[in-house]
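File shown: structure.csv. Contents: CSV, C-alpha atoms and all ligand atoms.
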```
chain,number,residue,atom,x,y,z
A,102,MET,CA,13.4,22.1,-21.9
A,103,LYS,CA,16.7,20.4,-21.1
A,104,CYS,CA,17.6,17.8,-18.5
A,105,ARG,CA,19.3,19.6,-15.6
A,106,LYS,CA,21.7,16.8,-15.2
A,107,CYS,CA,22.9,15.8,-18.7
A,108,GLY,CA,21.5,18.4,-21.1
A,109,GLN,CA,19.4,15.9,-23.2
A,110,PRO,CA,15.8,16.8,-24.0
A,111,ALA,CA,13.8,16.6,-20.8
A,112,VAL,CA,10.6,14.6,-20.5
A,113,ILE,CA,9.4,15.8,-17.1
A,114,ASN,CA,9.3,19.1,-15.3
A,115,MET,CA,8.9,18.7,-11.5
A,116,ARG,CA,8.3,22.3,-10.6
A,117,HIS,CA,8.0,21.6,-6.9
A,118,HIS,CA,11.5,20.3,-7.0
A,119,LYS,CA,12.7,22.9,-9.6
A,120,LEU,CA,14.0,20.0,-11.6
A,121,THR,CA,13.6,19.0,-15.3
A,122,LEU,CA,15.0,15.6,-16.3
A,123,CYS,CA,15.4,13.3,-19.3
A,124,GLU,CA,14.1,9.7,-19.2
A,125,ASP,CA,17.3,8.1,-18.0
A,126,CYS,CA,18.1,10.7,-15.4
A,127,PHE,CA,14.5,10.7,-14.2
A,128,LEU,CA,14.5,6.9,-13.7
A,129,ALA,CA,17.7,7.1,-11.8
A,130,TRP,CA,16.5,10.0,-9.7
A,131,VAL,CA,13.3,8.1,-8.7
A,132,ALA,CA,15.3,5.0,-7.6
A,133,LEU,CA,17.7,7.2,-5.6
A,134,ARG,CA,14.9,9.0,-3.9
A,135,VAL,CA,13.2,5.8,-3.0
A,136,GLN,CA,16.5,4.4,-1.7
A,137,HIS,CA,16.9,7.5,0.5
A,138,THR,CA,13.4,7.2,1.8
A,139,ILE,CA,14.0,3.5,2.8
A,140,GLU,CA,17.2,4.6,4.6
A,141,ARG,CA,15.9,7.7,6.2
A,142,PHE,CA,12.9,5.9,7.8
A,143,ARG,CA,14.9,2.7,8.4
A,144,MET,CA,12.4,0.6,6.5
A,145,PHE,CA,14.5,-2.4,5.8
A,146,THR,CA,18.0,-3.5,4.7
A,147,HIS,CA,19.4,-5.6,1.9
A,148,ASP,CA,19.6,-8.6,4.3
A,149,GLU,CA,15.9,-8.8,4.8
A,150,LYS,CA,13.2,-10.4,2.7
A,151,ILE,CA,10.4,-8.1,1.7
A,152,LEU,CA,6.8,-9.0,0.7
A,153,VAL,CA,5.6,-6.5,-1.9
A,154,ALA,CA,1.8,-6.1,-2.0
A,155,VAL,CA,1.0,-5.7,-5.7
A,156,SER,CA,-2.5,-4.7,-6.8
A,157,GLY,CA,-1.8,-4.5,-10.5
A,158,GLY,CA,-1.8,-0.6,-10.2
A,159,LYS,CA,1.0,1.6,-11.3
A,160,ASP,CA,2.3,2.4,-7.9
A,161,SER,CA,2.8,-1.1,-6.5
A,162,LEU,CA,4.2,-2.4,-9.8
A,163,ALA,CA,6.6,0.5,-10.0
A,164,LEU,CA,7.6,-0.1,-6.4
A,165,TRP,CA,8.3,-3.8,-7.1
A,166,HIS,CA,10.4,-2.7,-10.1
A,167,ILE,CA,12.4,-0.2,-8.1
A,168,LEU,CA,13.0,-2.5,-5.2
A,169,ASN,CA,14.3,-5.2,-7.5
A,170,HIS,CA,16.4,-2.7,-9.4
A,171,LEU,CA,17.9,-1.5,-6.0
A,172,GLY,CA,18.8,-5.2,-5.3
A,173,TYR,CA,16.4,-5.9,-2.5
A,174,ALA,CA,15.1,-9.5,-2.0
A,175,THR,CA,11.4,-9.3,-2.8
A,176,GLU,CA,8.5,-11.5,-3.4
A,177,GLY,CA,5.1,-10.2,-4.6
A,178,ILE,CA,1.7,-11.0,-3.2
A,179,TYR,CA,-1.6,-10.4,-5.0
A,180,ILE,CA,-4.8,-10.8,-3.1
A,181,ASP,CA,-7.8,-11.8,-5.3
A,182,LEU,CA,-10.9,-10.2,-3.7
A,183,SER,CA,-13.3,-11.1,-6.6
A,184,ILE,CA,-14.3,-7.5,-7.2
A,185,SER,CA,-17.0,-6.9,-9.9
A,186,GLU,CA,-18.0,-10.5,-10.3
A,187,GLY,CA,-14.3,-11.2,-10.3
A,188,GLU,CA,-13.7,-9.2,-13.5
A,189,TYR,CA,-11.8,-6.2,-12.0
A,190,SER,CA,-9.7,-8.7,-9.9
A,191,ARG,CA,-9.0,-10.9,-12.9
A,192,GLN,CA,-7.8,-8.0,-14.9
A,193,SER,CA,-5.6,-6.8,-12.0
A,194,ARG,CA,-4.2,-10.2,-11.5
A,195,ASP,CA,-3.4,-10.5,-15.2
A,196,LYS,CA,-1.4,-7.2,-15.0
A,197,VAL,CA,0.6,-8.7,-12.1
A,198,ARG,CA,1.3,-11.9,-14.0
A,199,LYS,CA,2.4,-10.1,-17.1
A,200,PHE,CA,4.7,-7.8,-15.2
A,201,ALA,CA,6.3,-10.7,-13.3
A,202,GLY,CA,6.8,-12.6,-16.6
A,203,GLN,CA,8.3,-9.6,-18.3
A,204,HIS,CA,10.8,-9.0,-15.5
A,205,GLY,CA,12.5,-12.4,-15.4
A,206,ASP,CA,9.7,-14.4,-13.7
A,207,LEU,CA,9.6,-12.5,-10.4
A,208,PRO,CA,8.3,-14.7,-7.7
A,209,TYR,CA,4.8,-13.9,-6.3
A,210,ARG,CA,1.9,-15.6,-4.8
A,211,VAL,CA,-1.8,-15.2,-5.2
A,212,VAL,CA,-4.2,-15.5,-2.3
A,213,ASP,CA,-7.8,-16.2,-3.6
A,214,VAL,CA,-10.2,-15.2,-0.9
A,215,GLU,CA,-13.2,-16.8,-2.4
A,216,ALA,CA,-11.5,-20.1,-3.0
A,217,LEU,CA,-10.1,-20.1,0.6
A,218,TYR,CA,-13.2,-18.8,2.5
A,219,GLY,CA,-16.1,-19.8,0.3
A,220,ARG,CA,-17.3,-16.3,-0.4
A,221,SER,CA,-15.9,-13.2,-2.2
A,222,VAL,CA,-15.3,-10.1,-0.1
A,223,PRO,CA,-18.2,-8.1,-1.6
A,224,GLU,CA,-20.5,-11.1,-1.0
A,225,GLN,CA,-19.4,-11.5,2.6
A,226,ALA,CA,-19.6,-7.8,3.2
A,227,ARG,CA,-23.2,-7.9,2.0
A,228,ALA,CA,-24.0,-11.0,4.0
A,229,ARG,CA,-22.8,-9.3,7.1
A,230,ARG,CA,-25.0,-6.3,6.4
A,231,ARG,CA,-22.1,-4.0,6.3
A,232,GLY,CA,-23.9,-2.9,3.2
A,233,GLY,CA,-22.0,0.1,1.8
A,234,LYS,CA,-18.9,-0.8,3.7
A,235,VAL,CA,-17.2,-3.2,1.3
A,236,CYS,CA,-14.0,-1.0,1.5
A,237,SER,CA,-13.6,-1.5,5.3
A,238,VAL,CA,-14.1,-5.2,4.9
A,239,CYS,CA,-11.7,-5.3,2.1
A,240,GLY,CA,-9.1,-3.4,4.1
A,241,LEU,CA,-9.5,-5.8,7.0
A,242,VAL,CA,-9.1,-8.8,4.8
A,243,LYS,CA,-6.0,-7.4,3.0
A,244,ARG,CA,-4.3,-6.5,6.3
A,245,HIS,CA,-5.0,-10.0,7.8
A,246,ILE,CA,-3.7,-11.8,4.8
A,247,MET,CA,-0.6,-9.7,4.4
A,248,ASN,CA,0.2,-10.2,8.1
A,249,ARG,CA,-0.4,-13.9,7.8
A,250,VAL,CA,1.7,-14.5,4.7
A,251,ALA,CA,4.5,-12.3,6.0
A,252,HIS,CA,4.6,-14.2,9.3
A,253,GLU,CA,4.4,-17.7,7.7
A,254,GLY,CA,6.9,-16.8,4.9
A,255,GLY,CA,9.5,-15.3,7.2
A,256,PHE,CA,9.3,-11.8,5.7
A,257,SER,CA,10.7,-8.9,7.6
A,258,ALA,CA,8.3,-6.3,6.2
A,259,VAL,CA,5.3,-5.8,3.9
A,260,ALA,CA,5.8,-3.0,1.4
A,261,THR,CA,2.8,-1.2,-0.2
A,262,GLY,CA,2.6,1.2,-3.0
A,263,HIS,CA,1.0,4.2,-1.1
A,264,ASN,CA,2.4,7.4,-2.7
A,265,LEU,CA,2.5,10.9,-1.4
A,266,ASP,CA,-0.9,11.8,-2.8
A,267,ASP,CA,-2.4,8.8,-1.0
A,268,GLU,CA,-0.7,9.7,2.3
A,269,VAL,CA,-1.6,13.4,2.1
A,270,ALA,CA,-5.3,12.7,1.3
A,271,VAL,CA,-5.5,10.5,4.4
A,272,LEU,CA,-3.6,13.1,6.5
A,273,LEU,CA,-6.1,15.8,5.4
A,274,GLN,CA,-9.1,13.5,6.2
A,275,ASN,CA,-7.7,12.6,9.6
A,276,THR,CA,-6.9,16.2,10.4
A,277,LEU,CA,-10.3,17.5,9.4
A,278,ASN,CA,-11.9,15.0,11.7
A,279,TRP,CA,-9.1,15.2,14.4
A,280,GLU,CA,-8.8,11.4,14.3
A,281,VAL,CA,-6.0,11.5,16.9
A,282,GLY,CA,-5.6,7.7,17.0
A,283,TYR,CA,-5.1,7.5,13.2
A,284,LEU,CA,-2.9,10.6,13.2
A,285,GLY,CA,-0.7,8.9,15.9
A,286,ARG,CA,-0.4,5.8,13.7
A,287,GLN,CA,0.1,7.5,10.3
A,288,ALA,CA,3.8,7.0,9.4
A,289,PRO,CA,6.0,5.7,6.6
A,290,VAL,CA,6.8,2.7,8.9
A,291,LEU,CA,4.6,0.8,11.3
A,292,PRO,CA,6.9,-1.4,13.4
A,293,GLU,CA,6.2,-5.0,14.0
A,294,ARG,CA,4.2,-6.0,17.1
A,295,GLN,CA,4.4,-9.3,18.8
A,296,THR,CA,5.1,-12.2,16.4
A,297,HIS,CA,2.1,-11.9,14.1
A,298,LEU,CA,1.9,-8.2,13.2
A,299,SER,CA,4.5,-7.6,10.6
A,300,ARG,CA,6.3,-4.3,9.9
A,301,LYS,CA,4.5,-2.2,7.2
A,302,VAL,CA,6.5,0.1,5.0
A,303,LYS,CA,5.6,2.7,2.4
A,304,PRO,CA,8.8,3.4,0.3
A,305,LEU,CA,6.9,5.7,-2.1
A,306,CYS,CA,5.5,8.0,0.6
A,307,LEU,CA,7.6,10.9,-0.7
A,308,MET,CA,6.8,10.4,-4.4
A,309,TYR,CA,4.1,12.4,-6.1
A,310,GLU,CA,1.5,10.3,-7.9
A,311,ARG,CA,2.4,12.1,-11.1
A,312,GLU,CA,6.0,11.0,-10.7
A,313,MET,CA,5.0,7.4,-10.3
A,314,ALA,CA,2.7,7.7,-13.4
A,315,ALA,CA,5.7,9.0,-15.4
A,316,TYR,CA,7.9,6.2,-14.1
A,317,ALA,CA,5.4,3.6,-15.1
A,318,LEU,CA,4.8,5.2,-18.5
A,319,ILE,CA,8.5,5.5,-19.4
A,320,LEU,CA,9.1,1.9,-18.5
A,321,GLY,CA,6.0,0.8,-20.4
A,322,ILE,CA,4.6,-0.9,-17.4
A,323,ASP,CA,1.1,-2.2,-18.3
A,324,TYR,CA,-1.1,-1.5,-15.3
A,325,ILE,CA,-4.8,-1.4,-14.4
A,326,TYR,CA,-6.0,2.2,-15.1
A,327,ALA,CA,-9.4,1.9,-13.6
A,328,GLU,CA,-9.9,2.6,-9.9
A,329,CYS,CA,-11.6,-0.1,-7.9
A,330,PRO,CA,-15.4,0.3,-8.7
A,331,PHE,CA,-16.1,0.4,-4.9
A,332,SER,CA,-13.8,3.4,-4.5
A,333,VAL,CA,-16.0,5.6,-6.8
A,334,GLY,CA,-17.2,8.6,-4.7
A,335,ALA,CA,-14.7,7.8,-1.9
A,336,LYS,CA,-13.9,10.8,0.3
A,337,THR,CA,-10.1,10.4,-0.3
A,338,ILE,CA,-10.7,11.0,-4.1
A,339,PHE,CA,-12.4,14.3,-3.3
A,340,TYR,CA,-9.5,15.2,-1.0
A,341,LYS,CA,-7.0,14.4,-3.7
A,342,GLN,CA,-8.8,16.8,-6.0
A,343,LEU,CA,-8.7,19.5,-3.4
A,344,LEU,CA,-5.1,18.9,-2.7
A,345,ASN,CA,-4.3,19.1,-6.5
A,346,GLN,CA,-5.9,22.6,-6.5
A,347,LEU,CA,-3.8,23.6,-3.5
A,348,GLU,CA,-0.7,22.3,-5.1
A,349,ALA,CA,-1.4,24.2,-8.3
A,350,ARG,CA,-1.6,27.4,-6.3
A,351,SER,CA,1.2,26.7,-4.0
A,352,LEU,CA,3.9,24.4,-5.3
A,353,GLY,CA,5.2,21.8,-2.9
A,354,SER,CA,2.3,22.0,-0.5
A,355,LYS,CA,1.5,18.3,-0.5
A,356,LEU,CA,5.1,17.4,0.3
A,357,ARG,CA,5.4,20.1,2.9
A,358,PHE,CA,2.1,19.2,4.6
A,359,TYR,CA,3.3,15.6,4.9
A,360,THR,CA,7.0,16.0,5.8
A,361,MET,CA,6.3,18.8,8.3
A,362,PHE,CA,3.7,16.6,10.0
A,363,LEU,CA,6.2,13.8,10.3
A,364,LYS,CA,9.0,16.1,11.4
A,365,GLU,CA,6.9,17.8,14.2
A,366,LYS,CA,5.5,14.4,15.3
A,367,THR,CA,9.0,12.8,15.5
A,368,ALA,CA,10.3,15.9,17.4
A,369,GLY,CA,7.6,15.3,20.0
A,370,ASN,CA,6.0,18.7,19.2
A,371,MET,CA,2.6,17.1,18.5
A,372,ARG,CA,1.4,14.2,20.5
A,373,PHE,CA,-1.5,12.0,19.6
A,374,LEU,CA,-3.3,9.1,21.1
A,375,ASP,CA,-0.7,6.3,21.4
A,376,LEU,CA,-2.3,2.9,21.1
A,377,SER,CA,1.0,1.0,20.8
A,378,GLY,CA,0.9,0.0,24.5
A,379,GLU,CA,-2.6,-1.4,24.2
A,380,GLU,CA,-2.9,-4.9,25.5
A,381,LEU,CA,-3.4,-7.4,22.7
A,382,GLY,CA,-4.1,-11.1,23.1
A,383,PRO,CA,-3.9,-13.8,20.4
A,384,CYS,CA,-7.1,-14.6,18.4
A,385,ARG,CA,-8.4,-18.0,19.4
A,386,ARG,CA,-8.7,-19.1,15.8
A,387,CYS,CA,-5.9,-17.5,13.8
A,388,GLY,CA,-3.4,-16.4,16.5
A,389,GLN,CA,-3.1,-12.8,15.2
A,390,PRO,CA,-3.1,-10.2,18.0
A,391,THR,CA,-6.5,-8.6,18.8
A,392,SER,CA,-8.0,-6.4,21.5
A,393,ALA,CA,-11.1,-8.6,21.4
A,394,ALA,CA,-11.5,-11.3,24.0
A,395,GLU,CA,-12.0,-14.3,21.6
A,396,LEU,CA,-11.9,-13.8,17.9
A,397,CYS,CA,-10.2,-11.1,15.9
A,398,ALA,CA,-12.3,-8.9,13.5
A,399,PHE,CA,-11.2,-11.0,10.5
A,400,CYS,CA,-12.2,-14.3,12.1
A,401,ARG,CA,-15.5,-12.8,13.3
A,402,LEU,CA,-16.2,-11.8,9.7
A,403,TRP,CA,-16.0,-15.4,8.7
A,404,ASP,CA,-17.7,-16.9,11.7
A,405,PRO,CA,-19.2,-19.4,11.4
A,406,PRO,CA,-16.8,-20.5,8.6
A,407,VAL,CA,-18.6,-20.6,5.2
A,408,GLN,CA,-16.4,-23.4,3.8
A,409,ASN,CA,-13.0,-25.0,4.1
A,410,PRO,CA,-12.4,-24.7,7.8
A,411,ASP,CA,-9.3,-26.8,7.2
A,412,GLU,CA,-7.8,-24.1,5.1
A,413,GLU,CA,-7.0,-22.2,8.3
A,414,SER,CA,-4.2,-24.5,9.1
A,415,ARG,CA,-2.6,-24.5,5.7
A,416,PRO,CA,0.1,-22.1,4.5
A,417,MET,CA,-1.4,-19.4,2.5
A,418,GLY,CA,-0.9,-18.7,-1.2
A,419,MET,CA,1.1,-20.7,-3.7
A,420,LEU,CA,4.3,-19.3,-5.1
A,421,ARG,CA,4.2,-18.7,-8.8
A,501,LIG,P1,-5.3,1.1,-2.4
A,501,LIG,O1,-5.7,1.0,-1.0
A,501,LIG,O2,-6.1,0.3,-3.4
A,501,LIG,O3,-4.9,2.4,-2.9
A,501,LIG,O4,-3.9,0.3,-2.4
A,501,LIG,C1,-2.8,0.7,-1.6
A,501,LIG,C2,-1.7,-0.3,-1.7
A,501,LIG,O5,-2.2,-1.6,-1.1
A,501,LIG,C3,-1.3,-0.7,-3.1
A,501,LIG,O6,-0.3,0.2,-3.6
A,501,LIG,C4,-0.8,-2.1,-2.9
A,501,LIG,O7,0.5,-2.1,-2.4
A,501,LIG,C5,-1.7,-2.7,-1.9
A,501,LIG,N1,-2.8,-3.4,-2.4
A,501,LIG,C6,-4.0,-2.9,-2.8
A,501,LIG,N2,-4.8,-3.9,-3.3
A,501,LIG,C7,-4.1,-5.1,-3.3
A,501,LIG,C8,-4.4,-6.4,-3.6
A,501,LIG,N3,-5.6,-6.8,-4.1
A,501,LIG,N4,-3.4,-7.3,-3.5
A,501,LIG,C9,-2.2,-6.9,-3.0
A,501,LIG,N5,-1.9,-5.7,-2.6
A,501,LIG,C10,-2.8,-4.7,-2.7
A,502,ZN,ZN,-8.4,-14.4,14.0
```

In structure tokens, how does this file's structure come out?
Amino acid sequence: MKCRKCGQPAVINMRHHKLTLCEDCFLAWVALRVQHTIERFRMFTHDEKILVAVSGGKDSLALWHILNHLGYATEGIYIDLSISEGEYSRQSRDKVRKFAGQHGDLPYRVVDVEALYGRSVPEQARARRRGGKVCSVCGLVKRHIMNRVAHEGGFSAVATGHNLDDEVAVLLQNTLNWEVGYLGRQAPVLPERQTHLSRKVKPLCLMYEREMAAYALILGIDYIYAECPFSVGAKTIFYKQLLNQLEARSLGSKLRFYTMFLKEKTAGNMRFLDLSGEELGPCRRCGQPTSAAELCAFCRLWDPPVQNPDEESRPMGMLR
């Protein structure tokens, strides 16, 4: 198998793209494809400061690598959620630290939820009897913190490492349940709203998970292999398996399913519930927009405050 571009021995065969590439050509191809994705969806420009949400996994670390390689101004953020008595989070955090150190001391900040709010996310989820719903609490906490840090730090956008497989699994789930509100919002870019809700972008949304794994492997990026223990048995994992079977039978189905969805939606051929005009007021405690009358869902989660009420007024996360 030879590289289609330079004739060297190929290391990857992307049958859905009818493309075999050697290491160097593959790395260049990934960077170019991500650059095109950023431009095609008008995610951000070289003049803007981007907050990259890094979890210690392959996708977000690879994303951070690509954005720096492409010359964008980035800073990382790692949110410590104290998963598995802190062990899973500690390991993930170590991967972020190691990666930043190996790439010229990339700047990043760590936000430690337990230190700030007095309880870890799993503990607080349990205390609030949301029992099995650690994942929804975790998502809420991550969104709030990313928004807050982006707002305080003057970042134009928050970039996450969601890849095509992630997006397609969510798309399938939302379609099977006809979640019209979520389908309306699912996009590579969520624009900013008012001052506190920052723009969210997914520059890897057209990259297959397998391609990102190859990228991380070739560059020797040391990442956390294990999935978050709370995600075991999650529906999206099952949908990913189904979609892999579909892809094996019909090459390119994942990419087609996702890109055709975006195309038809953008063309106005499919219309979903549009919540963007919904009236939002500022949360009385944190100022982030909310549809609730008093406190936003995040502040209600920590109400009454467990500890450190003063922390609310301090800037979040220290730069490393
Ligand atoms: P997940 O929902 O775990 O698949 O993560 C999706 C994306 O969210 C990752 O690619 C990261 O960009 C971001 N992310 C997840 N967990 C964290 C975390 N603990 N700290 C910062 N970013 C995160
Ligand atoms: Zn609030």

Using 9 Å as the limit and counting all atoms listed in the file, can you tabulate each residue of chain A that touches ligand LIG 501 (chain A), with its shortest atom-to-atom distance in Å and the two atoms involved, as a Markdown table?
```
| residue | atom | partner | partner_atom | distance |
| --- | --- | --- | --- | --- |
| A:Val153 | CA | A:LIG501 | O7 | 6.8 |
| A:Ala154 | CA | A:LIG501 | N5 | 3.8 |
| A:Val155 | CA | A:LIG501 | N5 | 4.2 |
| A:Ser156 | CA | A:LIG501 | C7 | 3.9 |
| A:Gly157 | CA | A:LIG501 | C7 | 7.6 |
| A:Gly158 | CA | A:LIG501 | O6 | 6.8 |
| A:Lys159 | CA | A:LIG501 | O6 | 7.9 |
| A:Asp160 | CA | A:LIG501 | O6 | 5.5 |
| A:Ser161 | CA | A:LIG501 | O6 | 4.4 |
| A:Leu162 | CA | A:LIG501 | O6 | 8.1 |
| A:Leu164 | CA | A:LIG501 | O6 | 8.4 |
| A:Gly177 | CA | A:LIG501 | C9 | 8.2 |
| A:Ile178 | CA | A:LIG501 | C9 | 5.7 |
| A:Tyr179 | CA | A:LIG501 | N4 | 3.9 |
| A:Ile180 | CA | A:LIG501 | N4 | 3.8 |
| A:Asp181 | CA | A:LIG501 | N3 | 5.6 |
| A:Leu182 | CA | A:LIG501 | N3 | 6.3 |
| A:Ser190 | CA | A:LIG501 | N3 | 7.4 |
| A:Ser193 | CA | A:LIG501 | N3 | 7.9 |
| A:Arg194 | CA | A:LIG501 | N3 | 8.3 |
| A:Val211 | CA | A:LIG501 | N4 | 8.2 |
| A:Val212 | CA | A:LIG501 | N4 | 8.3 |
| A:Cys236 | CA | A:LIG501 | O1 | 8.9 |
| A:Cys239 | CA | A:LIG501 | N3 | 8.8 |
| A:Gly240 | CA | A:LIG501 | O1 | 7.5 |
| A:Lys243 | CA | A:LIG501 | C8 | 6.9 |
| A:Met247 | CA | A:LIG501 | C9 | 8.1 |
| A:Val259 | CA | A:LIG501 | O7 | 8.7 |
| A:Ala260 | CA | A:LIG501 | O7 | 6.6 |
| A:Thr261 | CA | A:LIG501 | O7 | 3.3 |
| A:Gly262 | CA | A:LIG501 | O6 | 3.1 |
| A:His263 | CA | A:LIG501 | O6 | 4.9 |
| A:Asn264 | CA | A:LIG501 | O6 | 7.7 |
| A:Asp267 | CA | A:LIG501 | O3 | 7.1 |
| A:Lys303 | CA | A:LIG501 | O7 | 8.5 |
| A:Glu328 | CA | A:LIG501 | O2 | 7.9 |
| A:Cys329 | CA | A:LIG501 | O2 | 7.1 |
| A:Ser332 | CA | A:LIG501 | O2 | 8.4 |
```

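Between CA of Pro289 (chain A) and CA of His117 (chain A) lies a distance of 21.0 Å.
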
inquiry  = Around ligand ZN 502 (chain A), out to 8 Å and counting all atoms listed in the file, which residues are there? I want them as JSON, numbers by chain.
reply    = {"A": [383, 384, 385, 386, 387, 388, 389, 390, 391, 396, 397, 398, 399, 400, 401]}

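Here CA of Arg134 (chain A) stands at a distance of 29.2 Å from CA of Lys336 (chain A).
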
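Reported to one decimal place, the separation of CA of Glu140 (chain A) from CA of Cys306 (chain A) is 12.8 Å.
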
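The nearest approach to Lys355 (chain A) among the residues A:Gln342, A:Ser237, A:Asn275, A:Gln203, with all atoms listed in the file taken into account, belongs to A:Gln342.
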
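If only C-alpha atoms are the atoms counted, then among A:Leu122, A:Ala394, A:Cys104, A:Leu128 the closest residue to Ala317 (chain A) is A:Leu128.
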
ask   = Hey, what's within 7 Å of Pro304 (chain A) if we count all atoms listed in the file and toss same-chain stuff fewer than 5 positions away? As a PyMOL selection string, please?
value = chain A and resi 135+138-139
